[in-house]
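The file final24.tsv contains TSV, C-alpha atoms:
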```
chain	number	residue	atom	x	y	z
C	20	MET	CA	-136.28	21.01	-79.26
C	21	ARG	CA	-139.96	20.04	-79.09
C	22	GLY	CA	-141.16	16.45	-79.02
C	23	THR	CA	-139.46	13.25	-77.94
C	24	HIS	CA	-135.99	12.42	-79.27
C	25	ILE	CA	-133.57	9.55	-78.71
C	26	LEU	CA	-129.94	10.54	-79.25
C	27	LEU	CA	-127.45	7.75	-79.87
C	28	GLY	CA	-123.78	8.66	-79.64
C	29	TYR	CA	-120.77	8.55	-77.35
C	30	PHE	CA	-119.86	10.16	-74.05
C	31	GLU	CA	-116.41	9.98	-72.47
C	32	GLY	CA	-115.50	7.36	-75.07
C	33	ARG	CA	-118.43	5.07	-74.21
C	34	LYS	CA	-121.58	4.32	-76.15
C	35	ALA	CA	-124.43	6.39	-74.72
C	36	ALA	CA	-128.12	7.01	-75.33
C	37	ALA	CA	-130.09	10.04	-74.17
C	38	LEU	CA	-133.86	10.55	-74.04
C	39	LEU	CA	-135.02	14.14	-74.50
C	40	VAL	CA	-138.62	15.27	-73.96
C	41	ASN	CA	-139.24	18.83	-75.12
C	42	GLY	CA	-135.54	19.54	-74.77
C	43	VAL	CA	-135.22	18.18	-71.20
C	44	LEU	CA	-132.89	15.26	-70.49
C	45	GLU	CA	-135.25	12.60	-69.09
C	46	ASP	CA	-133.04	9.52	-69.19
C	47	LEU	CA	-129.46	8.57	-69.87
C	48	LEU	CA	-127.79	5.22	-70.51
C	49	VAL	CA	-124.01	4.82	-70.71
C	50	ASP	CA	-122.15	1.58	-71.41
C	51	SER	CA	-119.95	0.24	-68.64
C	52	ASP	CA	-117.10	-2.27	-68.39
C	53	GLN	CA	-119.39	-4.67	-66.52
C	54	PRO	CA	-121.51	-7.38	-68.18
C	55	ALA	CA	-124.60	-5.81	-69.75
C	56	LEU	CA	-128.02	-6.23	-68.19
C	57	GLY	CA	-129.74	-9.33	-69.54
C	58	THR	CA	-126.54	-11.34	-70.08
C	59	ILE	CA	-127.26	-15.03	-69.41
C	60	TYR	CA	-124.56	-17.31	-68.01
C	61	ARG	CA	-124.14	-20.98	-67.40
C	62	ALA	CA	-122.62	-20.66	-63.92
C	63	MET	CA	-121.52	-22.98	-61.12
C	64	VAL	CA	-122.37	-22.70	-57.43
C	65	GLN	CA	-119.15	-21.89	-55.61
C	66	GLN	CA	-120.15	-21.44	-52.00
C	67	SER	CA	-123.09	-20.61	-49.76
C	68	ALA	CA	-123.28	-17.21	-48.09
C	69	LYS	CA	-126.06	-17.66	-45.55
C	70	SER	CA	-125.29	-14.40	-43.80
C	71	LEU	CA	-125.88	-12.58	-47.09
C	72	GLY	CA	-128.93	-14.63	-48.04
C	73	GLY	CA	-127.54	-16.24	-51.17
C	74	TYR	CA	-124.73	-17.96	-53.04
C	75	PHE	CA	-121.53	-17.00	-54.76
C	76	LEU	CA	-121.30	-18.40	-58.29
C	77	ARG	CA	-118.42	-18.83	-60.71
C	78	THR	CA	-119.00	-17.52	-64.23
C	79	SER	CA	-116.81	-17.09	-67.30
C	80	ASP	CA	-116.60	-13.35	-66.39
C	81	GLY	CA	-115.78	-13.77	-62.69
C	82	THR	CA	-117.73	-14.09	-59.46
C	83	ALA	CA	-121.49	-13.53	-59.34
C	84	PHE	CA	-123.91	-13.37	-56.42
C	85	LEU	CA	-127.32	-15.06	-56.48
C	86	ARG	CA	-129.81	-14.02	-53.81
C	87	SER	CA	-131.74	-17.14	-52.80
C	88	ARG	CA	-133.01	-18.74	-49.60
C	89	LYS	CA	-133.45	-22.12	-51.26
C	90	ARG	CA	-130.80	-24.77	-50.72
C	91	ILE	CA	-128.61	-25.27	-53.79
C	92	PRO	CA	-125.86	-27.96	-53.79
C	93	ALA	CA	-122.25	-26.91	-54.33
C	94	ASN	CA	-120.89	-27.29	-57.89
C	95	GLN	CA	-124.39	-27.33	-59.40
C	96	LEU	CA	-124.69	-25.70	-62.81
C	97	LEU	CA	-127.32	-22.96	-63.11
C	98	LEU	CA	-128.62	-20.64	-65.80
C	99	VAL	CA	-128.60	-17.12	-64.38
C	100	GLN	CA	-129.13	-13.64	-65.76
C	101	VAL	CA	-127.46	-10.34	-64.89
C	102	ASN	CA	-130.14	-8.14	-63.29
C	103	GLY	CA	-128.12	-5.16	-62.06
C	104	TYR	CA	-124.75	-3.42	-61.91
C	105	ALA	CA	-122.31	-4.34	-59.17
C	106	GLU	CA	-120.76	-1.81	-56.85
C	107	LYS	CA	-116.98	-1.58	-56.94
C	108	ALA	CA	-115.21	-4.74	-55.74
C	109	LYS	CA	-118.51	-6.64	-55.47
C	110	ALA	CA	-119.83	-9.68	-57.34
C	111	ILE	CA	-122.09	-9.43	-60.40
C	112	PRO	CA	-125.76	-9.53	-59.25
C	113	VAL	CA	-127.69	-12.30	-61.01
C	114	SER	CA	-131.10	-13.96	-60.86
C	115	ARG	CA	-132.49	-17.37	-61.78
C	116	ARG	CA	-135.57	-15.65	-63.20
C	117	LEU	CA	-134.71	-15.43	-66.90
C	118	LEU	CA	-136.31	-12.71	-69.04
C	119	LEU	CA	-135.83	-12.51	-72.81
C	120	LYS	CA	-136.98	-9.00	-73.67
C	121	GLY	CA	-138.10	-7.58	-76.98
C	122	ARG	CA	-139.77	-4.26	-77.73
C	123	CYS	CA	-143.26	-5.78	-77.73
C	124	ALA	CA	-142.92	-8.95	-75.67
C	125	ILE	CA	-141.02	-10.76	-72.93
C	126	VAL	CA	-140.55	-14.53	-72.85
C	127	THR	CA	-140.16	-16.01	-69.35
C	128	PRO	CA	-138.64	-19.53	-69.57
C	129	ASN	CA	-139.15	-20.27	-65.85
C	130	ASP	CA	-142.62	-18.72	-65.44
C	131	PRO	CA	-145.41	-20.29	-67.52
C	132	GLY	CA	-148.56	-18.39	-68.43
C	133	CYS	CA	-149.47	-15.68	-70.94
C	134	ASN	CA	-150.31	-12.12	-69.88
C	135	VAL	CA	-151.14	-8.90	-71.68
C	136	SER	CA	-150.06	-5.56	-70.19
C	137	ARG	CA	-152.85	-3.83	-68.28
C	138	ARG	CA	-151.91	-0.60	-70.03
C	139	ILE	CA	-153.44	-2.04	-73.21
C	140	ARG	CA	-157.05	-1.16	-72.50
C	141	ASP	CA	-158.74	-1.85	-75.84
C	142	ASP	CA	-160.69	-5.10	-75.36
C	143	ASP	CA	-160.47	-6.15	-79.01
C	144	ARG	CA	-156.73	-5.53	-79.08
C	145	ARG	CA	-156.25	-7.46	-75.84
C	146	SER	CA	-158.22	-10.42	-77.20
C	147	ARG	CA	-156.13	-10.52	-80.37
C	148	PHE	CA	-152.90	-10.44	-78.36
C	149	GLN	CA	-154.18	-13.21	-76.09
C	150	GLU	CA	-155.00	-15.34	-79.13
C	151	LEU	CA	-151.57	-14.60	-80.58
C	152	ALA	CA	-149.89	-15.63	-77.33
C	153	ASP	CA	-151.86	-18.87	-77.11
C	154	HIS	CA	-151.01	-19.71	-80.73
C	155	VAL	CA	-147.29	-18.86	-80.78
C	156	MET	CA	-146.58	-20.37	-77.34
C	157	ARG	CA	-148.67	-23.51	-77.89
C	158	GLY	CA	-146.85	-26.62	-76.67
C	159	SER	CA	-144.34	-24.60	-74.65
C	160	LYS	CA	-143.99	-24.54	-70.87
C	161	MET	CA	-142.53	-21.05	-71.04
C	162	GLY	CA	-144.43	-17.86	-70.27
C	163	LEU	CA	-145.08	-14.73	-72.30
C	164	ILE	CA	-145.81	-11.10	-71.45
C	165	ILE	CA	-147.15	-8.76	-74.13
C	166	ARG	CA	-145.70	-5.33	-73.35
C	167	SER	CA	-147.63	-2.07	-73.60
C	168	ALA	CA	-145.50	-0.99	-76.60
C	169	ALA	CA	-147.21	-3.76	-78.62
C	170	GLU	CA	-150.35	-1.62	-78.79
C	171	MET	CA	-148.65	0.60	-81.39
C	172	CYS	CA	-147.20	-2.29	-83.43
C	173	ASP	CA	-148.62	-4.40	-86.25
C	174	ILE	CA	-149.81	-7.70	-84.80
C	175	ARG	CA	-147.77	-9.62	-87.41
C	176	ASP	CA	-144.60	-7.90	-86.21
C	177	VAL	CA	-145.48	-8.81	-82.62
C	178	SER	CA	-146.02	-12.43	-83.67
C	179	GLU	CA	-142.62	-12.56	-85.41
C	180	GLU	CA	-140.88	-11.10	-82.37
C	181	VAL	CA	-142.55	-13.56	-79.98
C	182	HIS	CA	-141.58	-16.47	-82.22
C	183	GLU	CA	-137.97	-15.26	-82.38
C	184	LEU	CA	-137.80	-14.83	-78.58
C	185	ARG	CA	-139.24	-18.33	-78.05
C	186	VAL	CA	-136.64	-19.88	-80.37
C	187	ARG	CA	-133.84	-18.04	-78.54
C	188	ALA	CA	-135.19	-19.16	-75.17
C	189	GLU	CA	-135.43	-22.79	-76.25
C	190	GLY	CA	-131.85	-22.58	-77.51
C	191	LEU	CA	-130.65	-21.81	-73.99
C	192	PHE	CA	-131.74	-25.27	-72.84
C	193	ASP	CA	-130.63	-27.17	-75.96
C	194	ASP	CA	-126.95	-26.71	-75.11
C	195	SER	CA	-125.95	-29.68	-72.95
C	196	SER	CA	-122.37	-28.54	-72.37
C	197	ASN	CA	-121.04	-28.38	-68.81
C	198	GLU	CA	-118.64	-25.53	-69.53
C	199	LEU	CA	-119.06	-22.13	-67.90
C	200	SER	CA	-120.03	-19.75	-70.68
C	201	VAL	CA	-122.07	-16.77	-71.81
C	202	LEU	CA	-125.23	-18.17	-73.39
C	203	MET	CA	-126.68	-14.80	-74.40
C	204	GLU	CA	-125.17	-11.33	-74.42
C	205	GLY	CA	-127.16	-8.45	-72.95
C	206	VAL	CA	-127.89	-5.37	-75.02
C	207	ASP	CA	-125.76	-2.22	-74.92
C	208	SER	CA	-127.09	1.28	-74.20
C	209	TRP	CA	-128.20	1.82	-77.80
C	210	GLY	CA	-130.08	-1.46	-77.94
C	211	GLN	CA	-131.72	-0.84	-74.57
C	212	ALA	CA	-132.85	2.64	-75.60
C	213	LEU	CA	-134.36	1.44	-78.88
C	214	ARG	CA	-136.07	-1.44	-77.10
C	215	ASP	CA	-137.46	0.28	-74.00
C	216	TRP	CA	-137.95	3.97	-74.74
C	217	GLU	CA	-140.82	5.79	-76.44
C	218	PRO	CA	-141.52	3.96	-79.76
C	219	THR	CA	-142.67	7.14	-81.53
C	220	ALA	CA	-139.52	9.11	-80.64
C	221	MET	CA	-137.36	10.60	-83.36
C	222	ILE	CA	-133.98	8.84	-83.42
C	223	VAL	CA	-130.83	10.87	-84.00
C	224	GLU	CA	-127.57	8.94	-84.42
C	225	GLU	CA	-124.16	10.57	-84.15
C	226	GLU	CA	-121.40	9.71	-86.61
C	227	GLY	CA	-118.07	8.18	-85.55
C	228	GLU	CA	-116.79	6.76	-82.28
C	229	GLY	CA	-115.36	10.09	-81.18
C	230	ALA	CA	-118.68	11.92	-81.41
C	231	GLN	CA	-120.19	13.34	-78.25
C	232	ILE	CA	-123.96	13.36	-77.86
C	233	SER	CA	-124.85	16.64	-79.58
C	234	GLY	CA	-125.55	19.56	-77.27
C	235	LEU	CA	-125.82	17.43	-74.14
C	236	VAL	CA	-122.32	17.56	-72.69
C	237	GLU	CA	-123.21	20.48	-70.38
C	238	GLU	CA	-126.52	18.85	-69.34
C	239	ILE	CA	-124.80	15.57	-68.50
C	240	GLU	CA	-122.07	17.33	-66.54
C	241	ALA	CA	-124.79	19.27	-64.69
C	242	ALA	CA	-126.54	15.99	-63.89
C	243	ALA	CA	-123.41	14.88	-62.05
C	244	ASP	CA	-123.83	17.83	-59.65
C	245	PRO	CA	-125.41	16.63	-56.38
C	246	ILE	CA	-127.61	19.76	-56.11
C	247	VAL	CA	-130.89	19.55	-58.04
C	248	GLU	CA	-133.24	22.54	-58.33
C	249	ILE	CA	-136.81	21.35	-57.86
C	250	SER	CA	-138.74	24.64	-57.69
C	251	THR	CA	-138.19	28.39	-57.56
C	252	HIS	CA	-136.63	28.23	-54.09
C	253	ALA	CA	-136.31	24.55	-53.12
C	254	THR	CA	-133.46	22.18	-53.89
C	255	MET	CA	-132.49	18.62	-53.05
C	256	ALA	CA	-128.99	17.24	-52.64
C	257	ILE	CA	-128.47	13.66	-53.90
C	258	GLU	CA	-125.24	12.02	-52.79
C	259	ALA	CA	-124.24	8.37	-53.07
C	260	THR	CA	-122.30	6.67	-50.30
C	261	ARG	CA	-121.11	3.05	-50.13
C	262	ALA	CA	-124.17	2.15	-48.05
C	263	LEU	CA	-127.00	4.19	-49.58
C	264	VAL	CA	-128.10	7.15	-51.64
C	265	ALA	CA	-128.90	10.12	-49.39
C	266	VAL	CA	-131.44	12.72	-50.51
C	267	ASP	CA	-131.68	15.97	-48.52
C	268	VAL	CA	-134.64	18.26	-49.31
C	269	ASN	CA	-134.25	21.98	-48.57
C	270	THR	CA	-136.85	24.78	-48.73
C	271	GLY	CA	-134.32	27.50	-49.49
C	272	ALA	CA	-135.57	31.04	-49.06
C	273	ASP	CA	-139.26	30.05	-48.85
C	274	MET	CA	-140.42	30.74	-45.28
C	275	THR	CA	-144.18	30.27	-45.75
C	276	PRO	CA	-146.04	27.74	-43.53
C	277	ALA	CA	-146.47	25.31	-46.45
C	278	ALA	CA	-142.84	25.56	-47.60
C	279	GLY	CA	-141.85	22.10	-46.30
C	280	LEU	CA	-144.79	20.30	-47.89
C	281	LYS	CA	-144.34	22.09	-51.22
C	282	ALA	CA	-140.63	21.28	-51.31
C	283	ASN	CA	-141.21	17.62	-50.42
C	284	VAL	CA	-143.87	17.14	-53.09
C	285	ALA	CA	-141.61	18.82	-55.66
C	286	ALA	CA	-138.77	16.51	-54.58
C	287	ALA	CA	-141.01	13.45	-54.92
C	288	GLN	CA	-141.95	14.45	-58.46
C	289	ALA	CA	-138.35	15.16	-59.48
C	290	LEU	CA	-136.66	12.18	-57.77
C	291	PRO	CA	-137.25	9.42	-60.39
C	292	ARG	CA	-135.75	11.50	-63.20
C	293	ALA	CA	-132.80	12.59	-61.04
C	294	LEU	CA	-131.96	9.00	-60.07
C	295	ARG	CA	-132.30	7.82	-63.68
C	296	VAL	CA	-130.02	10.48	-65.10
C	297	LYS	CA	-127.46	10.08	-62.31
C	298	GLY	CA	-127.58	6.30	-62.69
C	299	LEU	CA	-128.24	5.73	-58.99
C	300	GLY	CA	-130.05	2.87	-57.29
C	301	GLY	CA	-130.00	0.60	-54.26
C	302	GLN	CA	-131.20	1.87	-50.90
C	303	VAL	CA	-132.39	5.49	-51.09
C	304	THR	CA	-133.07	7.51	-47.94
C	305	VAL	CA	-134.97	10.80	-48.23
C	306	ASP	CA	-134.51	13.39	-45.49
C	307	CYS	CA	-137.63	15.47	-46.07
C	308	ALA	CA	-137.98	19.14	-45.28
C	309	PRO	CA	-139.91	19.77	-42.04
C	310	MET	CA	-143.66	19.14	-42.37
C	311	ASP	CA	-146.52	17.93	-40.18
C	312	LYS	CA	-147.03	14.17	-39.94
C	313	LYS	CA	-150.56	14.62	-41.26
C	314	HIS	CA	-149.02	15.68	-44.61
C	315	ARG	CA	-146.96	12.49	-45.01
C	316	PRO	CA	-149.67	10.74	-47.11
C	317	VAL	CA	-149.56	13.65	-49.59
C	318	PHE	CA	-145.81	13.13	-50.02
C	319	GLU	CA	-146.21	9.34	-50.33
C	320	ASN	CA	-148.92	9.66	-52.98
C	321	ALA	CA	-146.78	12.08	-55.00
C	322	LEU	CA	-143.80	9.72	-54.73
C	323	ARG	CA	-145.78	6.64	-55.83
C	324	ALA	CA	-147.31	8.49	-58.76
C	325	ALA	CA	-143.89	9.70	-59.89
C	326	PHE	CA	-142.28	6.24	-59.75
C	327	GLN	CA	-145.26	4.55	-61.41
C	328	ALA	CA	-144.04	5.75	-64.80
C	329	ASP	CA	-140.43	4.72	-64.06
C	330	GLN	CA	-139.28	1.47	-65.68
C	331	SER	CA	-136.87	0.50	-62.91
C	332	ASP	CA	-138.24	-1.73	-60.14
C	333	THR	CA	-138.75	0.39	-57.01
C	334	VAL	CA	-140.03	-0.72	-53.61
C	335	MET	CA	-141.48	1.90	-51.25
C	336	ALA	CA	-140.23	0.83	-47.81
C	337	GLY	CA	-141.82	3.62	-45.76
C	338	TRP	CA	-140.92	5.92	-42.89
C	339	THR	CA	-138.13	5.36	-40.37
C	340	PRO	CA	-138.38	6.25	-36.66
C	341	LEU	CA	-136.26	9.34	-37.38
C	342	GLY	CA	-138.73	10.58	-39.98
C	343	HIS	CA	-136.79	9.65	-43.12
C	344	TYR	CA	-138.49	7.95	-46.05
C	345	GLU	CA	-136.78	4.87	-47.51
C	346	LEU	CA	-137.13	3.15	-50.86
C	347	GLN	CA	-135.20	0.47	-52.75
C	348	ARG	CA	-134.48	0.97	-56.45
C	349	GLN	CA	-132.96	-1.47	-58.90
C	350	ARG	CA	-129.33	-0.76	-59.85
C	351	ASP	CA	-129.93	-1.05	-63.57
C	352	ARG	CA	-127.36	1.38	-64.99
C	353	VAL	CA	-123.85	2.63	-64.49
C	354	PRO	CA	-123.57	5.64	-62.12
C	355	LEU	CA	-122.46	8.88	-63.74
C	356	SER	CA	-119.74	9.12	-61.09
C	357	ASP	CA	-118.13	6.01	-62.60
C	358	VAL	CA	-118.26	7.54	-66.10
C	359	PHE	CA	-116.39	10.63	-64.90
C	360	ALA	CA	-113.94	8.65	-62.74
```

Rewritten as structure tokens:
Amino acid sequence: MRGTHILLGYFEGRKAAALLVNGVLEDLLVDSDQPALGTIYRAMVQQSAKSLGGYFLRTSDGTAFLRSRKRIPANQLLLVQVNGYAEKAKAIPVSRRLLLKGRCAIVTPNDPGCNVSRRIRDDDRRSRFQELADHVMRGSKMGLIIRSAAEMCDIRDVSEEVHELRVRAEGLFDDSSNELSVLMEGVDSWGQALRDWEPTAMIVEEEGEGAQISGLVEEIEAAADPIVEISTHATMAIEATRALVAVDVNTGADMTPAAGLKANVAAAQALPRALRVKGLGGQVTVDCAPMDKKHRPVFENALRAAFQADQSDTVMAGWTPLGHYELQRQRDRVPLSDVFA
């Protein structure tokens, strides 16, 4: 299957979306029983958790956790947004930084200012988007980000989307009720795929709730296997524990002097896709194959380049005293292990 395709269907009885590039499974989203990413709550501060660096909040869907060092009085009402998936028996992770996302734009109610994605390089196009932003957001204290996908859209469609997002954002603050409630539902896997994935992709939708995503059952089951082949000889094992995601790089049968470096670079290039498809995030620790310290920058550059194209927020933490490489990745999807549970 050549080209880029988005498959919308069901897997294990849940809505699912798969992104295929030239027949290779590049991304996978599966609905979970947790509140969807982007859900906005009116919540109440329940108690401070200084040792954890935040606050527990009460929402209409249960307990949430807000990471914040600022002092917030007990019983104060806040607008917060789900920004990740919770681990089992843990509170829903939320943020006070609200983002109303569309395909072409993002409205930021708490962050004023208008910005155009740096990936839009055409000066004329950038100027037109800046004028659009200034016009549509005039008189508002909210912010706006024009996403890179806007470059392929008609400017009138972008204007309509920005206006719609602004109206929805203003509606969040018009409700003066003191009741705990859901002010805006997040999007499901289908909506997220259509919003965030390649705009020129061919979309294939399966019929009926019992339909499995065509031809991908074996690929998805294979993605749940901890062993990932990254080159002719090398592999990496990716296993999630309660504390972190452990990645072990192995050279296999390759015994050449450069085997460790080659395996580590291959692992760096394959890691973003593997984490996406497996639905893994949080703290990730990479146990590299043996290589000289002088080659560490080569591995780091390969890793940064690979994650640059990844939509999930990832922080490169660096090397540990034991020679492991650590990074922190947003938990923005349900782990495959939970789907098969």

Shortest interatomic distance to C:Lys297 - which of C:Arg145, C:Asn320, C:Ser178, C:Val49, counting all atoms listed in the file: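 Comparing C:Arg145, C:Asn320, C:Ser178, C:Val49 against C:Lys297, the winner is C:Val49.
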
Quick one: distance from atom CA of C:Arg261 to atom CA of C:Glu106 in Å, one decimal?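 It comes out at 8.3 Å.
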
Between C:Leu56, C:Val64, C:Leu202, C:Cys123, which residue has the minimum interatomic distance to C:Ile174, considering only C-alpha atoms?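 Going through C:Leu56, C:Val64, C:Leu202, C:Cys123 one by one, the smallest distance to C:Ile174 is for C:Cys123.
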
Tell me which protein, DNA and RNA residues are within 12 Å of C:Ser356, counting only C-alpha atoms, leaving out same-chain ones fewer than 3 positions away, and put them as a list in words.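 That gives Glu31, Val49, Ser51, Glu106, Lys107, Ile239, Glu240, Ala241, Ala242, Ala243, Asp244, Pro245, Glu258, Ala259, Thr260, Val296, Lys297, Gly298, Leu299, Arg352, Val353, Phe359 and Ala360 of chain C.
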
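Among the candidate residues C:Thr339, C:Thr333, C:Thr82, C:Gln327, the one lying nearest to C:Val305 is C:Thr339, with distances computed using all atoms listed in the file.
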
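Near (-136.1, 20.8, -57.7), the residues inside the 9 Å limit, counting only C-alpha atoms, come to Ile246, Val247, Glu248, Ile249, Ser250, Thr251, His252, Ala253, Thr254, Met255, Val268, Ala282, Ala285, Ala286, Gln288, Ala289 and Leu290 of chain C.
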
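What separates atom CA of C:Arg116 from atom CA of C:Pro128 is a distance of 8.1 Å.
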
Per-axis box centre and lengths in Å around stretch 90-94 of chain C, 4 Å margin per side, axis-aligned, as lines of an AutoDock Vina configuration file:
```
center_x = -125.8
center_y = -26.4
center_z = -54.3
size_x = 17.9
size_y = 11.2
size_z = 15.2
```

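The nearest approach to C:Gly132 among the residues C:Gly162, C:Gln100, C:Ala308, C:Val113, with all atoms listed in the file taken into account, belongs to C:Gly162.
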
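The space separating atom CA of C:Pro309 from atom CA of C:Tyr344 comes to 12.6 Å.
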
Name all residues at most 7 Å from C:Val223 (count all atoms listed in the file; drop same-chain ones fewer than 4 positions away) and give them as a list of chain:residue names.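 Here the answer would be C:Ile25, C:Leu26, C:Leu27.
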
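Distance check against C:Asn283 using all atoms listed in the file: of C:Arg315, C:Arg295, C:Arg77, C:Arg185, the minimum falls on C:Arg315.
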
Shortest contact to C:Asp351, candidates C:Phe318, C:Tyr104, C:Trp338, C:Phe148, atoms counted all atoms listed in the file, goes to C:Tyr104

What's the 7 Å shell around C:Thr78, counting all atoms listed in the file, without same-chain residues fewer than 6 positions away, as a compact mmCIF listing (two decimals) with C-alpha atoms, in the frame of the given file?
```txt
# COMPACT_ATOMS: atom_id res chain seq x y z
CA TYR C 60 -124.56 -17.31 -68.01
CA ARG C 61 -124.14 -20.98 -67.40
CA ALA C 62 -122.62 -20.66 -63.92
CA MET C 63 -121.52 -22.98 -61.12
CA LEU C 199 -119.06 -22.13 -67.90
CA SER C 200 -120.03 -19.75 -70.68
```

Shell around C:Lys69 at 12 Å using all atoms listed in the file, local window under 6 positions removed, as a CSV table (one decimal) with C-alpha atoms, in the frame of the given file:
```csv
chain,number,residue,atom,x,y,z
C,75,PHE,CA,-121.5,-17.0,-54.8
C,84,PHE,CA,-123.9,-13.4,-56.4
C,85,LEU,CA,-127.3,-15.1,-56.5
C,86,ARG,CA,-129.8,-14.0,-53.8
C,87,SER,CA,-131.7,-17.1,-52.8
C,88,ARG,CA,-133.0,-18.7,-49.6
C,89,LYS,CA,-133.4,-22.1,-51.3
C,90,ARG,CA,-130.8,-24.8,-50.7
C,91,ILE,CA,-128.6,-25.3,-53.8
```
